[in-house]
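Below is the file coords-v1.txt, which contains compact mmCIF, C-alpha atoms and all ligand atoms.
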```txt
# COMPACT_ATOMS: atom_id res chain seq x y z
CA MET I 1 76.94 124.98 133.84
CA LYS I 2 80.41 126.45 133.57
CA ASN I 3 81.99 123.11 134.39
CA ASN I 4 79.78 121.34 131.87
CA CYS I 5 81.03 123.59 129.12
CA LYS I 6 84.60 123.00 130.07
CA LEU I 7 83.87 119.31 129.74
CA CYS I 8 82.27 119.89 126.33
CA TRP I 9 85.31 121.77 125.09
CA GLY I 10 87.57 119.13 126.53
CA ILE I 11 85.72 116.35 124.75
CA SER I 12 85.57 118.34 121.50
CA GLY I 13 89.29 118.98 121.73
CA ILE I 14 90.04 115.30 122.19
CA LEU I 15 87.77 114.42 119.27
CA VAL I 16 89.47 116.95 117.00
CA ILE I 17 92.88 115.52 117.89
CA LEU I 18 91.58 111.97 117.33
CA VAL I 19 90.12 112.78 113.91
CA ALA I 20 93.27 114.65 112.88
CA THR I 21 95.47 111.73 113.97
CA MET I 22 93.28 109.19 112.14
CA GLY I 23 93.29 111.44 109.06
CA TYR I 24 97.07 111.65 109.19
CA LEU I 25 97.50 107.89 109.63
CA PHE I 26 94.93 106.71 107.09
CA ILE I 27 95.03 109.44 104.45
CA ILE I 28 98.53 110.93 104.50
CA ARG I 29 100.95 108.47 106.04
CA GLY I 30 99.49 105.06 105.24
CA SER I 31 100.91 101.84 106.67
CA VAL I 32 104.63 101.99 105.88
CA ILE I 33 108.14 101.19 107.05
CA VAL I 34 111.55 102.08 105.62
CA SER I 35 112.75 99.09 103.63
CA GLN I 36 116.31 97.72 103.72
CA ASP I 37 116.87 98.90 100.16
CA GLY I 38 116.00 102.49 101.12
CA ARG I 39 112.54 102.50 99.54
CA THR I 40 109.32 102.99 101.45
CA ALA I 41 107.69 99.60 102.01
CA ILE I 42 103.89 99.58 102.18
CA LEU I 43 102.69 96.89 104.58
CA MET I 44 99.86 94.77 103.18
CA SER I 45 98.19 91.41 103.68
CA GLU I 46 99.05 88.66 101.22
CA ASN I 47 95.70 89.10 99.41
CA GLU I 48 96.18 92.85 99.08
CA ARG I 49 99.70 92.39 97.76
CA ASN I 50 98.49 89.81 95.22
CA HIS I 51 95.77 92.22 94.13
CA VAL I 52 98.19 95.15 93.69
CA LEU I 53 100.81 93.05 91.86
CA GLY I 54 98.09 91.60 89.62
CA GLU I 55 97.04 95.12 88.70
CA MET I 56 100.66 96.00 88.02
CA ARG I 57 101.05 93.11 85.60
CA GLY I 58 97.88 94.36 83.92
CA LEU I 59 99.53 97.77 83.51
CA LEU I 60 102.57 96.18 81.88
CA GLU I 61 100.32 94.17 79.55
CA ALA I 62 98.53 97.38 78.55
CA VAL I 63 101.88 99.09 77.88
CA GLN I 64 102.86 96.13 75.69
CA ALA I 65 99.56 96.22 73.79
CA ILE I 66 99.74 100.00 73.27
CA THR I 67 103.31 99.69 71.96
CA ALA I 68 102.20 96.97 69.51
CA ALA I 69 99.27 99.17 68.42
CA ILE I 70 101.61 102.10 67.79
CA VAL I 71 103.81 99.89 65.57
CA VAL I 72 100.87 98.97 63.32
CA ASP I 73 99.31 102.45 63.63
CA ASP I 74 96.06 101.15 65.14
CA MET I 75 94.95 104.01 67.38
CA GLU I 76 91.61 102.38 68.23
CA ALA I 77 93.43 99.33 69.63
CA ALA I 78 95.73 101.65 71.62
CA ALA I 79 92.68 103.45 73.02
CA VAL I 80 90.93 100.21 74.03
CA SER I 81 94.02 98.94 75.90
CA ALA I 82 94.61 102.29 77.60
CA THR I 83 90.99 102.54 78.75
CA SER I 84 91.19 99.09 80.33
CA VAL I 85 93.79 100.43 82.79
CA GLY I 86 92.30 103.90 83.20
CA MET I 87 90.35 105.18 86.19
CA VAL I 88 87.93 102.20 85.88
CA LEU I 89 90.64 100.18 87.61
CA ALA I 90 90.92 102.56 90.55
CA LYS I 91 87.19 102.89 91.23
CA ASN I 92 86.50 99.66 93.12
CA GLU I 93 89.53 99.55 95.37
CA ASP I 94 89.00 98.20 98.87
CA PRO I 95 88.87 101.15 101.33
CA ALA I 96 90.83 99.15 103.94
CA MET I 97 93.68 98.73 101.47
CA MET I 98 93.48 102.34 100.31
CA ALA I 99 94.00 103.41 103.94
CA LYS I 100 97.37 101.65 103.92
CA LEU I 101 98.66 103.61 100.93
CA PRO I 102 100.52 106.89 101.55
CA LEU I 103 98.91 109.98 99.98
CA GLU I 104 101.82 110.46 97.57
CA PHE I 105 101.43 106.87 96.35
CA LYS I 106 97.68 107.28 95.80
CA LYS I 107 98.29 110.53 93.89
CA ASN I 108 100.90 108.83 91.65
CA GLY I 109 98.58 105.90 91.06
CA PHE I 110 95.58 108.06 90.18
CA ALA I 111 97.77 110.23 87.93
CA ALA I 112 98.91 107.12 86.01
CA HIS I 113 95.31 105.85 85.57
CA THR I 114 94.13 109.31 84.47
CA ALA I 115 97.03 109.55 82.01
CA PHE I 116 95.92 106.28 80.38
CA ASP I 117 92.39 107.69 80.00
CA SER I 118 93.67 110.84 78.35
CA LEU I 119 95.96 108.77 76.09
CA ALA I 120 92.86 106.82 74.99
CA GLN I 121 90.92 110.02 74.35
CA ASN I 122 93.75 111.62 72.37
CA ALA I 123 94.43 108.44 70.37
CA ARG I 124 90.80 108.53 69.18
CA ASP I 125 90.61 112.30 68.69
CA PHE I 126 93.91 112.88 66.90
CA GLN I 127 94.87 109.48 65.40
CA ASP I 128 98.50 110.53 65.86
CA ARG I 129 100.85 107.68 66.81
CA GLU I 130 103.76 109.99 67.69
CA MET I 131 101.54 111.79 70.15
CA VAL I 132 100.49 108.47 71.70
CA LEU I 133 104.11 107.34 71.90
CA GLU I 134 105.05 110.57 73.66
CA GLU I 135 102.21 110.15 76.17
CA LEU I 136 103.25 106.55 76.76
CA SER I 137 106.81 107.65 77.50
CA VAL I 138 105.53 110.14 80.09
CA ILE I 139 103.42 107.38 81.70
CA LEU I 140 106.46 105.07 81.80
CA GLY I 141 108.27 107.84 83.68
CA ALA I 142 105.52 107.66 86.32
CA CYS I 143 105.90 103.86 86.54
CA THR I 144 109.66 104.04 87.09
CA ALA I 145 109.42 106.96 89.54
CA CYS I 146 106.96 105.09 91.74
CA HIS I 147 108.99 101.87 91.62
CA ALA I 148 112.10 103.79 92.64
CA GLY I 149 110.38 105.01 95.79
CA TYR I 150 108.05 102.23 96.92
CA ARG I 151 107.81 98.51 97.39
CA VAL I 152 105.33 96.19 99.04
CA ALA I 153 106.08 94.14 102.16
CA LEU I 154 103.92 91.68 104.06
CA GLU I 155 102.38 92.68 107.37
CA GLU I 156 103.60 90.61 110.35
C1 LIG I 201 101.81 104.50 92.55
C2 LIG I 201 102.97 103.69 92.42
C3 LIG I 201 103.15 102.82 91.20
C4 LIG I 201 102.92 103.15 89.89
C5 LIG I 201 102.47 104.48 89.32
C6 LIG I 201 103.25 101.97 89.13
N1 LIG I 201 103.65 100.97 89.93
FE1 LIG I 201 104.16 99.08 89.36
N2 LIG I 201 104.56 98.58 91.26
C7 LIG I 201 104.44 99.42 92.35
C8 LIG I 201 104.88 98.71 93.55
C9 LIG I 201 104.91 99.29 94.96
C10 LIG I 201 105.24 97.43 93.15
C11 LIG I 201 105.83 96.31 94.03
C12 LIG I 201 107.33 96.43 93.95
C13 LIG I 201 108.05 95.65 95.04
O1 LIG I 201 107.43 95.23 96.01
O2 LIG I 201 109.28 95.52 94.88
C14 LIG I 201 105.04 97.36 91.71
C15 LIG I 201 105.28 96.24 90.93
C16 LIG I 201 105.12 96.18 89.55
C17 LIG I 201 105.35 95.01 88.75
C18 LIG I 201 105.76 93.62 89.25
C19 LIG I 201 104.50 92.77 89.39
C20 LIG I 201 104.77 91.40 90.02
O3 LIG I 201 103.97 90.49 89.76
O4 LIG I 201 105.75 91.26 90.78
C21 LIG I 201 105.11 95.37 87.45
C22 LIG I 201 105.22 94.48 86.21
C23 LIG I 201 104.73 96.77 87.45
N3 LIG I 201 104.74 97.22 88.76
C24 LIG I 201 104.41 97.49 86.31
C25 LIG I 201 104.04 98.83 86.33
C26 LIG I 201 103.82 99.61 85.12
C27 LIG I 201 103.98 99.11 83.71
C28 LIG I 201 103.46 100.86 85.53
C29 LIG I 201 103.12 102.07 84.73
C30 LIG I 201 102.20 101.93 83.66
C31 LIG I 201 103.47 100.84 86.99
N4 LIG I 201 103.83 99.60 87.41
C32 LIG I 201 103.15 101.94 87.75
C33 LIG I 201 103.99 100.72 92.34
C34 LIG I 201 103.62 101.44 91.22
```
As structure tokens - that is how I would like this structure written.
Ligand code: HEC
Amino acid sequence: MKNNCKLCWGISGILVILVATMGYLFIIRGSVIVSQDGRTAILMSENERNHVLGEMRGLLEAVQAITAAIVVDDMEAAAVSATSVGMVLAKNEDPAMMAKLPLEFKKNGFAAHTAFDSLAQNARDFQDREMVLEELSVILGACTACHAGYRVALEE
């Protein structure tokens, strides 16, 4: 009986360590190496990289469309473009790819998507182009901060 319990605790201990290690690897650390240019390179398959870069080009297109909407003072158009790159984009991400992203990267990404949603909401509620421009400039700060720290590299 005594021995059995020792075994139970032993197995539980190993499981706890295993779960903690997996949590660290898949949730906090992600799949990364230090890149030659000093940034953190996230290792992805070619398909995953194409998917991420495609989304990125979508973000830039939305920024372009919002800027054009600000120029002509069309807050509804700004809201529509911002919503298209809001949290809707982040909802259907592949869990296997998400596991490769470091926690900090995921937080930055979600923050950017959420910021687009709140830009859309404020554009509709306040119809104030200066406010939208200010929010866009804050979002652009998030784009440049993430690009300064991360890049994508192909898995071997
Ligand atoms: C959470 C991090 C993160 C955020 C936030 C982010 N990006 Fe990126 N973006 C990346 C990474 C990583 C790459 C790949 C860079 C590399 O490999 O050199 C990239 C690449 C790009 C590219 C190049 C796409 C291509 O086809 O090569 C564009 C354009 C881009 N991002 C636009 C944006 C814009 C606009 C925003 C803000 C609205 C933004 N990104 C926000 C991480 C981010």
Worksheet entry | Point (101.0, 99.6, 69.5), cut-off 12 Å, counting all atoms listed in the file, residues as number ranges by chain | I: 61-82, 123, 128-130, 132-133, 136
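Note that atom CA of I:Gly30 and atom CA of I:Leu103 are 7.2 Å apart.
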Worksheet item: Pick from I:Ala115, I:Arg151, I:Arg124, I:Leu15: nearest to I:Ser137, with all atoms listed in the file counted?
Response: I:Ala115
Practice prompt. Identify, on the basis of all atoms listed in the file, every residue whose closest approach to I:Ile28 does not exceed 7 Å; exclude the query and any residue fewer than 4 positions from it along the same chain; express the result as a PyMOL selection string.
Written response: chain I and resi 23-24+102-103
Can you tell me which residues come within 10 Å of ligand LIG 201 (chain I) when counting all atoms listed in the file, ideally as an mmCIF file with C-alpha atoms, in the frame of the given file?
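Okay, result-v4.cif is ready:
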```cif
data_model
loop_
_atom_site.group_PDB
_atom_site.id
_atom_site.type_symbol
_atom_site.label_atom_id
_atom_site.label_comp_id
_atom_site.auth_asym_id
_atom_site.auth_seq_id
_atom_site.Cartn_x
_atom_site.Cartn_y
_atom_site.Cartn_z
ATOM 1 C CA ASP I 37 116.870 98.900 100.160
ATOM 2 C CA ARG I 39 112.540 102.500 99.540
ATOM 3 C CA THR I 40 109.320 102.990 101.450
ATOM 4 C CA ALA I 41 107.690 99.600 102.010
ATOM 5 C CA ILE I 42 103.890 99.580 102.180
ATOM 6 C CA LEU I 43 102.690 96.890 104.580
ATOM 7 C CA ARG I 49 99.700 92.390 97.760
ATOM 8 C CA ASN I 50 98.490 89.810 95.220
ATOM 9 C CA HIS I 51 95.770 92.220 94.130
ATOM 10 C CA VAL I 52 98.190 95.150 93.690
ATOM 11 C CA LEU I 53 100.810 93.050 91.860
ATOM 12 C CA GLY I 54 98.090 91.600 89.620
ATOM 13 C CA GLU I 55 97.040 95.120 88.700
ATOM 14 C CA MET I 56 100.660 96.000 88.020
ATOM 15 C CA ARG I 57 101.050 93.110 85.600
ATOM 16 C CA GLY I 58 97.880 94.360 83.920
ATOM 17 C CA LEU I 59 99.530 97.770 83.510
ATOM 18 C CA LEU I 60 102.570 96.180 81.880
ATOM 19 C CA GLU I 61 100.320 94.170 79.550
ATOM 20 C CA ALA I 62 98.530 97.380 78.550
ATOM 21 C CA VAL I 63 101.880 99.090 77.880
ATOM 22 C CA GLN I 64 102.860 96.130 75.690
ATOM 23 C CA ALA I 82 94.610 102.290 77.600
ATOM 24 C CA VAL I 85 93.790 100.430 82.790
ATOM 25 C CA LEU I 101 98.660 103.610 100.930
ATOM 26 C CA PRO I 102 100.520 106.890 101.550
ATOM 27 C CA LEU I 103 98.910 109.980 99.980
ATOM 28 C CA GLU I 104 101.820 110.460 97.570
ATOM 29 C CA PHE I 105 101.430 106.870 96.350
ATOM 30 C CA LYS I 106 97.680 107.280 95.800
ATOM 31 C CA LYS I 107 98.290 110.530 93.890
ATOM 32 C CA ASN I 108 100.900 108.830 91.650
ATOM 33 C CA GLY I 109 98.580 105.900 91.060
ATOM 34 C CA PHE I 110 95.580 108.060 90.180
ATOM 35 C CA ALA I 111 97.770 110.230 87.930
ATOM 36 C CA ALA I 112 98.910 107.120 86.010
ATOM 37 C CA HIS I 113 95.310 105.850 85.570
ATOM 38 C CA ALA I 115 97.030 109.550 82.010
ATOM 39 C CA PHE I 116 95.920 106.280 80.380
ATOM 40 C CA LEU I 136 103.250 106.550 76.760
ATOM 41 C CA SER I 137 106.810 107.650 77.500
ATOM 42 C CA VAL I 138 105.530 110.140 80.090
ATOM 43 C CA ILE I 139 103.420 107.380 81.700
ATOM 44 C CA LEU I 140 106.460 105.070 81.800
ATOM 45 C CA GLY I 141 108.270 107.840 83.680
ATOM 46 C CA ALA I 142 105.520 107.660 86.320
ATOM 47 C CA CYS I 143 105.900 103.860 86.540
ATOM 48 C CA THR I 144 109.660 104.040 87.090
ATOM 49 C CA ALA I 145 109.420 106.960 89.540
ATOM 50 C CA CYS I 146 106.960 105.090 91.740
ATOM 51 C CA HIS I 147 108.990 101.870 91.620
ATOM 52 C CA ALA I 148 112.100 103.790 92.640
ATOM 53 C CA GLY I 149 110.380 105.010 95.790
ATOM 54 C CA TYR I 150 108.050 102.230 96.920
ATOM 55 C CA ARG I 151 107.810 98.510 97.390
ATOM 56 C CA VAL I 152 105.330 96.190 99.040
ATOM 57 C CA ALA I 153 106.080 94.140 102.160
ATOM 58 C CA LEU I 154 103.920 91.680 104.060
#
```
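Between I:Ser31 and the residues I:Asp125, I:Met87, I:Ala120, I:Lys100, the shortest atom-to-atom distance, using all atoms listed in the file, involves I:Lys100.
One distance worth recording is that between atom CA of I:Met131 and atom CA of I:Leu119, which is 8.7 Å.
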Fill in: Between atom CA of I:Met98 and atom CA of I:Ile11, distance in Å (one decimal)
29.2 Å
